[in-house]
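Chemist: Here it is, the structure in full.
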Amino acid sequence: MARAPKRWRTPSPHWLFLVPALALLTAILLVPLVNSVYRSVGRSDFTLEHYATLFTDGVTLKVLLRTATTAAMVTLIAFLLGYPYAYVMTRVGPRLRGILLVIVLIPFWTSVMARNFAWIVILQRNGPVHSFLKLFGLDVVLYGSVAGVTVAMSQVLLPFMVLPLFSALSGIDRRLLLAARGLGSHPLKAFWKVYWPLSRGGVVAGLILVFTLSLGFYVTPALLGTPKESLVAQLLGQRTTQLLDFAGAGALGFLVLVITLVLVAWANRFGGTISAIGVVAASRTKDRT
Amino acid sequence: MSVTTSHAAAPAPLPPRAGTRIRLANVTKDYGLAVPAVDDVSLTIEPGEFMTLLGPSGSGKTTTLNLIAGFETLTAGTISLNGADVSELPSHKRNLGMLFQNYALFPHMTVAQNVAYPLRERKLPKADITRKVAEVLDLVQLTGRDGHFPAQLSGGQQQRVALARAIVFGPKALLLDEPLGALDRNLRATLQLEIRRIHREVGSTFVFVTHDQEEAMNLSDRIALFNNGRIEQVGTPEALYQSPETLFTARFLGDSNVFELSRVAEGTGTWEDQTWPVDSRTVSPRVGAGGRSALVVRPEDVRLVAGDGVVPPGATSVPATIRDIEYMGAYRTAVLSLGRGNAVGRARLDATESKLGIGQPVLAWWLVERQRIVAA
Ligand SMILES: Nc1ncnc2c1ncn2[C@@H]1O[C@H](COP(=O)(O)OP(=O)(O)OP(=O)(O)O)[C@@H](O)[C@H]1O
Ligand SMILES: [Mg+2]
């Protein structure tokens, strides 16, 4: 094969398969992106004033910070719920696993509007959650607050946490836990020293996915939150559709994009070696069975 | 009630030469299947002994080992280590070394970190850990590989690391579950020698699981032969090979010619229409009154003479036809059809018999003391 005639050496045209996708991405992503960045620097009369305004208008930074904390909360909740959930999925039979998967994917399959209106019903004043909290003397209405937005977003984003975690966890050879116990580790210690490090690739993937997706949420905060405590996506919407400030919106959008990319790059670097090990571990388990 | 002897850090250069006595008394493990995975097994493994659990797939070897290790709970019976009942003791307190078929190395740790793991768990001082890791890597001939990750090693090297990790903390007993199963023939032979050597050097009790009879014969002081969750026979490799008590044992270890006897009585046995002499010393104690029995004789004990030849007086003989001759490298084996032609047997040919040809009628004979009457 390797000594085949020269004409075999011309690169195989697999990349041609990418052309449709690349064309589409160029048309619907790259062109608008370049366009809005172009506007944000004042088209041909180059200026950074729109970027400067972001840091001086007293609103944008606050909203950015609020968005980041909300996203962090959502990520944390999704992780705390998702890790045990994914773990259980690796331990049950195929039937129950299928059911658990469906349960976590249901928010995916319901329309955005239906889902958010359902949350309104649940979270509103005198709704089930409010009544429940009142039993404990907590007169808190989650509807119209960042807390309510956080809860609803955690639900939608849970699959993005559970799926990469499940994939990572099911690649871990459980016999390693037996080995650790046989070598003198208490079962909890064995988990901490062996299972947890091997699951970190999936953890990093889930955290990045959920966090970056949280940054861009629009409908949920718009419907369940309040304009007084808006998040970045709402601010963007307001600047484009109400204020028609395309330059300012472009600058804000680009800033968020840069922040996200930096975050992903950073997390990827620190998760990279770990997920590589995860892949090795997974492929070695496959060899054995 | 501490059974685990060297749990407290007692830094010695190499583990002292004393193994654990492992005693299984009426041990049963029932998973709720048709038959228990391990069924009323009693076995005492002496300190420093190399005991092999041998048996076909699904016969309960791994389950037995896991019960000793504490990875599974007993349905009935007791397990004791050096006389102390450990039936309820969790595995991490039993202080046993364990070697798995799939190595079970931690993929996110280097060779040195893997080997150091049990020492860290026992909170040894750093300097001792470094020294012991170096010593044991030397013992398994892996010096200089400390910094490699398991995925960067060959199967044989990984198994050596696993072996090093299993013995580094000086366990008084080592449990090995088909540790060489995944390796090729040559590597197996090398590692078998190494395991023997390490057994001699560290002097702990080894419990070795395999379904490879040759491996069991090569390595073991004694073999416990498992069948359907029960122990069929326990003994030295010679005892099992020379004096099998059941047909299962005779068939599992080496090749056997088997003649199912219709009657054994008054110093004779009956096969087809032939009556053969039976020496009572060759009758297995398992042949009960009225039970079915079989005469077994090894191919190397069967001699052949041409149809008109003479057989020594007192030997058992049976007319046979040579169906085929198999070349085995060091020797040839004749495939025989025996008696009325329904039974197939084998005889290893010696120099004088090599003239015999396929299709030739012969007399197959053997000395009465070379045959065994076993329970069928
Ligand atoms: N966790 C389990 N749950 C249910 N049944 C089991 C379990 N482990 C083993 N068994 C059953 O117990 C029996 C003995 O299994 P075991 O693994 O001890 O066999 P083995 O002698 O080690 O076989 P092999 O040589 O194939 O490894 C088998 O019938 C097996 O199906
Ligand atoms: Mg097994």
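Ordered as shown in the structure tokens, chains take letters A, B, and onward, while each chain numbers its residues from 1 and ligands are numbered from 1 in the order shown.
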Near stretch 234-242 of chain A, within 8 Å and counting only C-alpha atoms, which residues show up once chain neighbours fewer than 6 positions away are dropped, as a ChimeraX atom specification?
Modeler: /A:60,63,218,221-222,248-249,252-253
Chemist: Select, as a list in words, those residues of chain B with any atom no more than 7 Å from chain A (distances computed using only C-alpha atoms).
Modeler: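 Per the criterion, chain B yields Ser91, His92, Lys93, Asn95, Leu96, Gly97, Met98, Asn102, Ala104, Phe106, Pro107, His108, Pro118 and Glu121 of chain B.
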Chemist: Give the residue list for ligand 1 at 6 Å, counting only C-alpha atoms and all ligand atoms, as a list in words, sorted by chain and then by residue number.
Modeler: Tyr31, Ala37, Pro56, Ser57, Gly58, Ser59, Gly60, Lys61, Thr62, Thr63 and His211 of chain B
Chemist: I'd like the interatomic distance between atom CA of A:Gly42 and atom CA of A:Arg66, to a tenth of an Å.
Modeler: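 Separating atom CA of A:Gly42 from atom CA of A:Arg66 is a distance of 27.9 Å.
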Chemist: If you measure from atom CA of B:Val209 to atom CA of B:Leu176, what distance in Å do you get, rounded to one decimal?
Modeler: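 That distance, rounded to one decimal, is 6.0 Å.
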Chemist: Residues near B:Leu240, anyone? I mean within 12 Å using only C-alpha atoms, not counting same-chain ones fewer than 2 positions away, as a ChimeraX atom specification.
Modeler: /B:54,213,216-217,220-225,232-238,242-254,284,372,374
Chemist: Generate a file of the selected residues that holds C-alpha atoms, formatted as a short mmCIF file (atom, residue, chain, number, x, y, z; two decimals), in the first residue's frame.
Modeler:
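Result file is result_20.cif:
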data_model
loop_
_atom_site.label_atom_id
_atom_site.label_comp_id
_atom_site.auth_asym_id
_atom_site.auth_seq_id
_atom_site.Cartn_x
_atom_site.Cartn_y
_atom_site.Cartn_z
CA LEU B 54 -7.58 -24.69 38.41
CA GLN B 213 -3.50 -27.00 33.20
CA ALA B 216 -0.88 -25.01 36.91
CA MET B 217 1.43 -28.02 36.68
CA SER B 220 2.14 -25.07 41.82
CA ASP B 221 3.04 -26.77 45.04
CA ARG B 222 -0.54 -27.98 45.09
CA ILE B 223 -3.53 -27.67 42.80
CA ALA B 224 -7.19 -27.43 43.79
CA LEU B 225 -9.20 -28.56 40.80
CA GLU B 232 -12.93 -32.06 42.55
CA GLN B 233 -9.51 -32.93 43.95
CA VAL B 234 -6.64 -31.25 45.82
CA GLY B 235 -3.06 -32.39 45.61
CA THR B 236 0.39 -31.94 44.16
CA PRO B 237 0.58 -31.79 40.37
CA GLU B 238 2.06 -35.32 40.42
CA GLN B 242 -0.73 -39.87 38.49
CA SER B 243 -3.64 -40.65 40.78
CA PRO B 244 -6.77 -38.90 39.59
CA GLU B 245 -9.80 -39.77 41.69
CA THR B 246 -12.46 -38.82 39.18
CA LEU B 247 -12.87 -38.95 35.44
CA PHE B 248 -13.07 -35.16 35.43
CA THR B 249 -9.60 -34.88 36.97
CA ALA B 250 -8.16 -37.46 34.63
CA ARG B 251 -9.54 -35.67 31.60
CA PHE B 252 -8.68 -32.15 32.75
CA LEU B 253 -5.01 -32.84 33.40
CA GLY B 254 -3.25 -34.26 30.39
CA SER B 284 -9.84 -44.36 43.60
CA ARG B 372 -6.46 -46.03 37.42
CA VAL B 374 -11.83 -43.56 38.82
#
Chemist: Tell me which of B:Gln159, B:Gln101, B:Thr190, B:Thr20 sits closest to ligand 2, counting only C-alpha atoms and all ligand atoms.
Modeler: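 When distances to ligand 2 are compared using only C-alpha atoms and all ligand atoms, the smallest one comes from B:Gln101.
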Chemist: Could you state the separation of atom CA of A:Val256 and atom CA of A:Gly216 in Å, given to one decimal place?
Modeler: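 Here the two named atoms are 8.8 Å from each other.
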Chemist: Hey, what does DSSP flag as strand (DSSP E or B) within stretch 74-210 of chain B? Can you give it to me as a list in words?
Modeler: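 DSSP on the backbone gives strand (DSSP E or B) at Ala76, Gly77, Thr78, Ile79, Ser80, Leu81, Ala84, Asp85, Gly97, Met98, Leu99, Ala173, Leu174, Leu175, Leu176, Asp177, Thr205, Phe206, Val207, Phe208, Val209 and Thr210 of chain B.
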Chemist: May I have the residues from that selection written out with C-alpha atoms, as a CSV table (one decimal), in the first residue's frame?
Modeler:
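Here's the written file selection.csv:
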chain,number,residue,atom,x,y,z
B,76,ALA,CA,-22.3,-19.4,54.1
B,77,GLY,CA,-19.1,-20.7,55.7
B,78,THR,CA,-16.1,-18.9,57.1
B,79,ILE,CA,-12.7,-17.7,55.8
B,80,SER,CA,-9.8,-17.3,58.2
B,81,LEU,CA,-6.3,-15.9,57.8
B,84,ALA,CA,-8.5,-15.3,62.7
B,85,ASP,CA,-12.0,-15.2,61.2
B,97,GLY,CA,-1.9,-8.5,47.6
B,98,MET,CA,-4.0,-8.9,44.5
B,99,LEU,CA,-3.1,-9.3,40.9
B,173,ALA,CA,-0.5,-13.6,50.9
B,174,LEU,CA,-0.9,-12.8,47.2
B,175,LEU,CA,-4.0,-13.5,45.2
B,176,LEU,CA,-3.4,-13.8,41.4
B,177,ASP,CA,-6.4,-14.1,39.0
B,205,THR,CA,1.4,-17.6,50.3
B,206,PHE,CA,0.4,-17.5,46.6
B,207,VAL,CA,-3.1,-18.3,45.5
B,208,PHE,CA,-3.0,-18.5,41.7
B,209,VAL,CA,-6.1,-18.9,39.5
B,210,THR,CA,-5.8,-20.3,36.0
Chemist: Quick one: residues within 9 Å of stretch 138-148 of chain A, only C-alpha atoms counted, chain neighbours fewer than 4 positions away excluded, as an mmCIF file with N, CA, C and O atoms, in the first residue's frame?
Modeler:
data_model
loop_
_atom_site.group_PDB
_atom_site.id
_atom_site.type_symbol
_atom_site.label_atom_id
_atom_site.label_comp_id
_atom_site.auth_asym_id
_atom_site.auth_seq_id
_atom_site.Cartn_x
_atom_site.Cartn_y
_atom_site.Cartn_z
ATOM 1 N N ARG A 66 -23.226 39.945 36.655
ATOM 2 C CA ARG A 66 -24.409 39.203 37.065
ATOM 3 C C ARG A 66 -24.572 37.961 36.192
ATOM 4 O O ARG A 66 -24.863 36.872 36.671
ATOM 5 N N THR A 70 -24.533 34.172 37.537
ATOM 6 C CA THR A 70 -25.670 33.293 37.257
ATOM 7 C C THR A 70 -25.194 32.027 36.540
ATOM 8 O O THR A 70 -25.549 30.910 36.925
ATOM 9 N N TRP A 119 -42.543 26.803 33.672
ATOM 10 C CA TRP A 119 -41.780 27.292 34.825
ATOM 11 C C TRP A 119 -42.467 28.502 35.466
ATOM 12 O O TRP A 119 -42.456 28.650 36.685
ATOM 13 N N ILE A 120 -43.069 29.368 34.613
ATOM 14 C CA ILE A 120 -43.787 30.517 35.180
ATOM 15 C C ILE A 120 -44.885 30.023 36.114
ATOM 16 O O ILE A 120 -45.026 30.479 37.263
ATOM 17 N N VAL A 121 -45.636 29.037 35.639
ATOM 18 C CA VAL A 121 -46.730 28.495 36.450
ATOM 19 C C VAL A 121 -46.195 27.936 37.762
ATOM 20 O O VAL A 121 -46.747 28.161 38.835
ATOM 21 N N ILE A 122 -45.089 27.244 37.660
ATOM 22 C CA ILE A 122 -44.547 26.599 38.858
ATOM 23 C C ILE A 122 -43.984 27.617 39.844
ATOM 24 O O ILE A 122 -44.131 27.481 41.060
ATOM 25 N N LEU A 123 -43.330 28.658 39.305
ATOM 26 C CA LEU A 123 -42.579 29.559 40.187
ATOM 27 C C LEU A 123 -43.367 30.793 40.626
ATOM 28 O O LEU A 123 -42.919 31.533 41.500
ATOM 29 N N GLN A 124 -44.519 31.041 39.998
ATOM 30 C CA GLN A 124 -45.190 32.315 40.252
ATOM 31 C C GLN A 124 -45.744 32.426 41.685
ATOM 32 O O GLN A 124 -45.769 31.442 42.431
ATOM 33 N N ARG A 125 -46.179 33.638 42.038
ATOM 34 C CA ARG A 125 -46.760 33.868 43.357
ATOM 35 C C ARG A 125 -47.936 32.912 43.564
ATOM 36 O O ARG A 125 -48.753 32.731 42.662
ATOM 37 N N ASN A 126 -47.944 32.243 44.733
ATOM 38 C CA ASN A 126 -48.959 31.243 45.079
ATOM 39 C C ASN A 126 -48.924 29.996 44.200
ATOM 40 O O ASN A 126 -49.834 29.179 44.235
ATOM 41 N N GLY A 127 -47.886 29.861 43.399
ATOM 42 C CA GLY A 127 -47.676 28.615 42.654
ATOM 43 C C GLY A 127 -47.126 27.550 43.595
ATOM 44 O O GLY A 127 -46.906 27.815 44.781
ATOM 45 N N VAL A 129 -44.233 26.127 44.105
ATOM 46 C CA VAL A 129 -42.964 26.352 44.797
ATOM 47 C C VAL A 129 -43.135 27.399 45.893
ATOM 48 O O VAL A 129 -42.673 27.216 47.024
ATOM 49 N N HIS A 130 -43.835 28.476 45.563
ATOM 50 C CA HIS A 130 -44.062 29.521 46.546
ATOM 51 C C HIS A 130 -44.815 28.959 47.750
ATOM 52 O O HIS A 130 -44.427 29.174 48.912
ATOM 53 N N SER A 131 -45.892 28.204 47.490
ATOM 54 C CA SER A 131 -46.684 27.635 48.587
ATOM 55 C C SER A 131 -45.822 26.717 49.449
ATOM 56 O O SER A 131 -45.910 26.724 50.679
ATOM 57 N N PHE A 132 -44.976 25.948 48.767
ATOM 58 C CA PHE A 132 -44.121 25.008 49.493
ATOM 59 C C PHE A 132 -43.167 25.768 50.399
ATOM 60 O O PHE A 132 -43.014 25.442 51.582
ATOM 61 N N LEU A 133 -42.529 26.815 49.851
ATOM 62 C CA LEU A 133 -41.563 27.578 50.643
ATOM 63 C C LEU A 133 -42.252 28.258 51.823
ATOM 64 O O LEU A 133 -41.678 28.385 52.909
ATOM 65 N N LYS A 134 -43.522 28.659 51.601
ATOM 66 C CA LYS A 134 -44.239 29.339 52.685
ATOM 67 C C LYS A 134 -44.453 28.415 53.881
ATOM 68 O O LYS A 134 -44.506 28.863 55.022
ATOM 69 N N ALA A 152 -34.467 27.427 36.359
ATOM 70 C CA ALA A 152 -34.983 26.973 35.071
ATOM 71 C C ALA A 152 -33.843 26.656 34.102
ATOM 72 O O ALA A 152 -33.891 25.672 33.367
ATOM 73 N N MET A 153 -32.796 27.485 34.136
ATOM 74 C CA MET A 153 -31.669 27.232 33.244
ATOM 75 C C MET A 153 -30.950 25.938 33.607
ATOM 76 O O MET A 153 -30.493 25.193 32.737
ATOM 77 N N PRO A 221 -34.256 34.046 30.796
ATOM 78 C CA PRO A 221 -34.180 35.249 31.644
ATOM 79 C C PRO A 221 -35.207 36.300 31.248
ATOM 80 O O PRO A 221 -35.745 36.999 32.124
ATOM 81 N N LEU A 223 -38.247 35.824 30.106
ATOM 82 C CA LEU A 223 -39.589 35.465 30.558
ATOM 83 C C LEU A 223 -39.678 35.308 32.065
ATOM 84 O O LEU A 223 -40.671 35.672 32.683
ATOM 85 N N LEU A 224 -38.643 34.710 32.667
ATOM 86 C CA LEU A 224 -38.721 34.377 34.089
ATOM 87 C C LEU A 224 -38.053 35.414 34.977
ATOM 88 O O LEU A 224 -38.296 35.451 36.174
ATOM 89 N N GLY A 225 -37.182 36.226 34.386
ATOM 90 C CA GLY A 225 -36.446 37.185 35.195
ATOM 91 C C GLY A 225 -37.141 38.531 35.211
ATOM 92 O O GLY A 225 -38.349 38.630 34.994
ATOM 93 N N THR A 226 -36.352 39.548 35.493
ATOM 94 C CA THR A 226 -36.913 40.895 35.501
ATOM 95 C C THR A 226 -35.957 41.815 34.760
ATOM 96 O O THR A 226 -34.738 41.622 34.820
ATOM 97 N N PRO A 227 -36.484 42.838 34.062
ATOM 98 C CA PRO A 227 -35.620 43.756 33.320
ATOM 99 C C PRO A 227 -34.621 44.446 34.242
ATOM 100 O O PRO A 227 -33.531 44.803 33.830
ATOM 101 N N GLU A 229 -32.995 43.132 36.526
ATOM 102 C CA GLU A 229 -31.828 42.273 36.738
ATOM 103 C C GLU A 229 -31.537 41.490 35.457
ATOM 104 O O GLU A 229 -31.460 40.274 35.474
ATOM 105 N N SER A 230 -31.386 42.220 34.368
ATOM 106 C CA SER A 230 -31.251 41.513 33.095
ATOM 107 C C SER A 230 -29.848 40.916 32.962
ATOM 108 O O SER A 230 -28.913 41.287 33.663
#
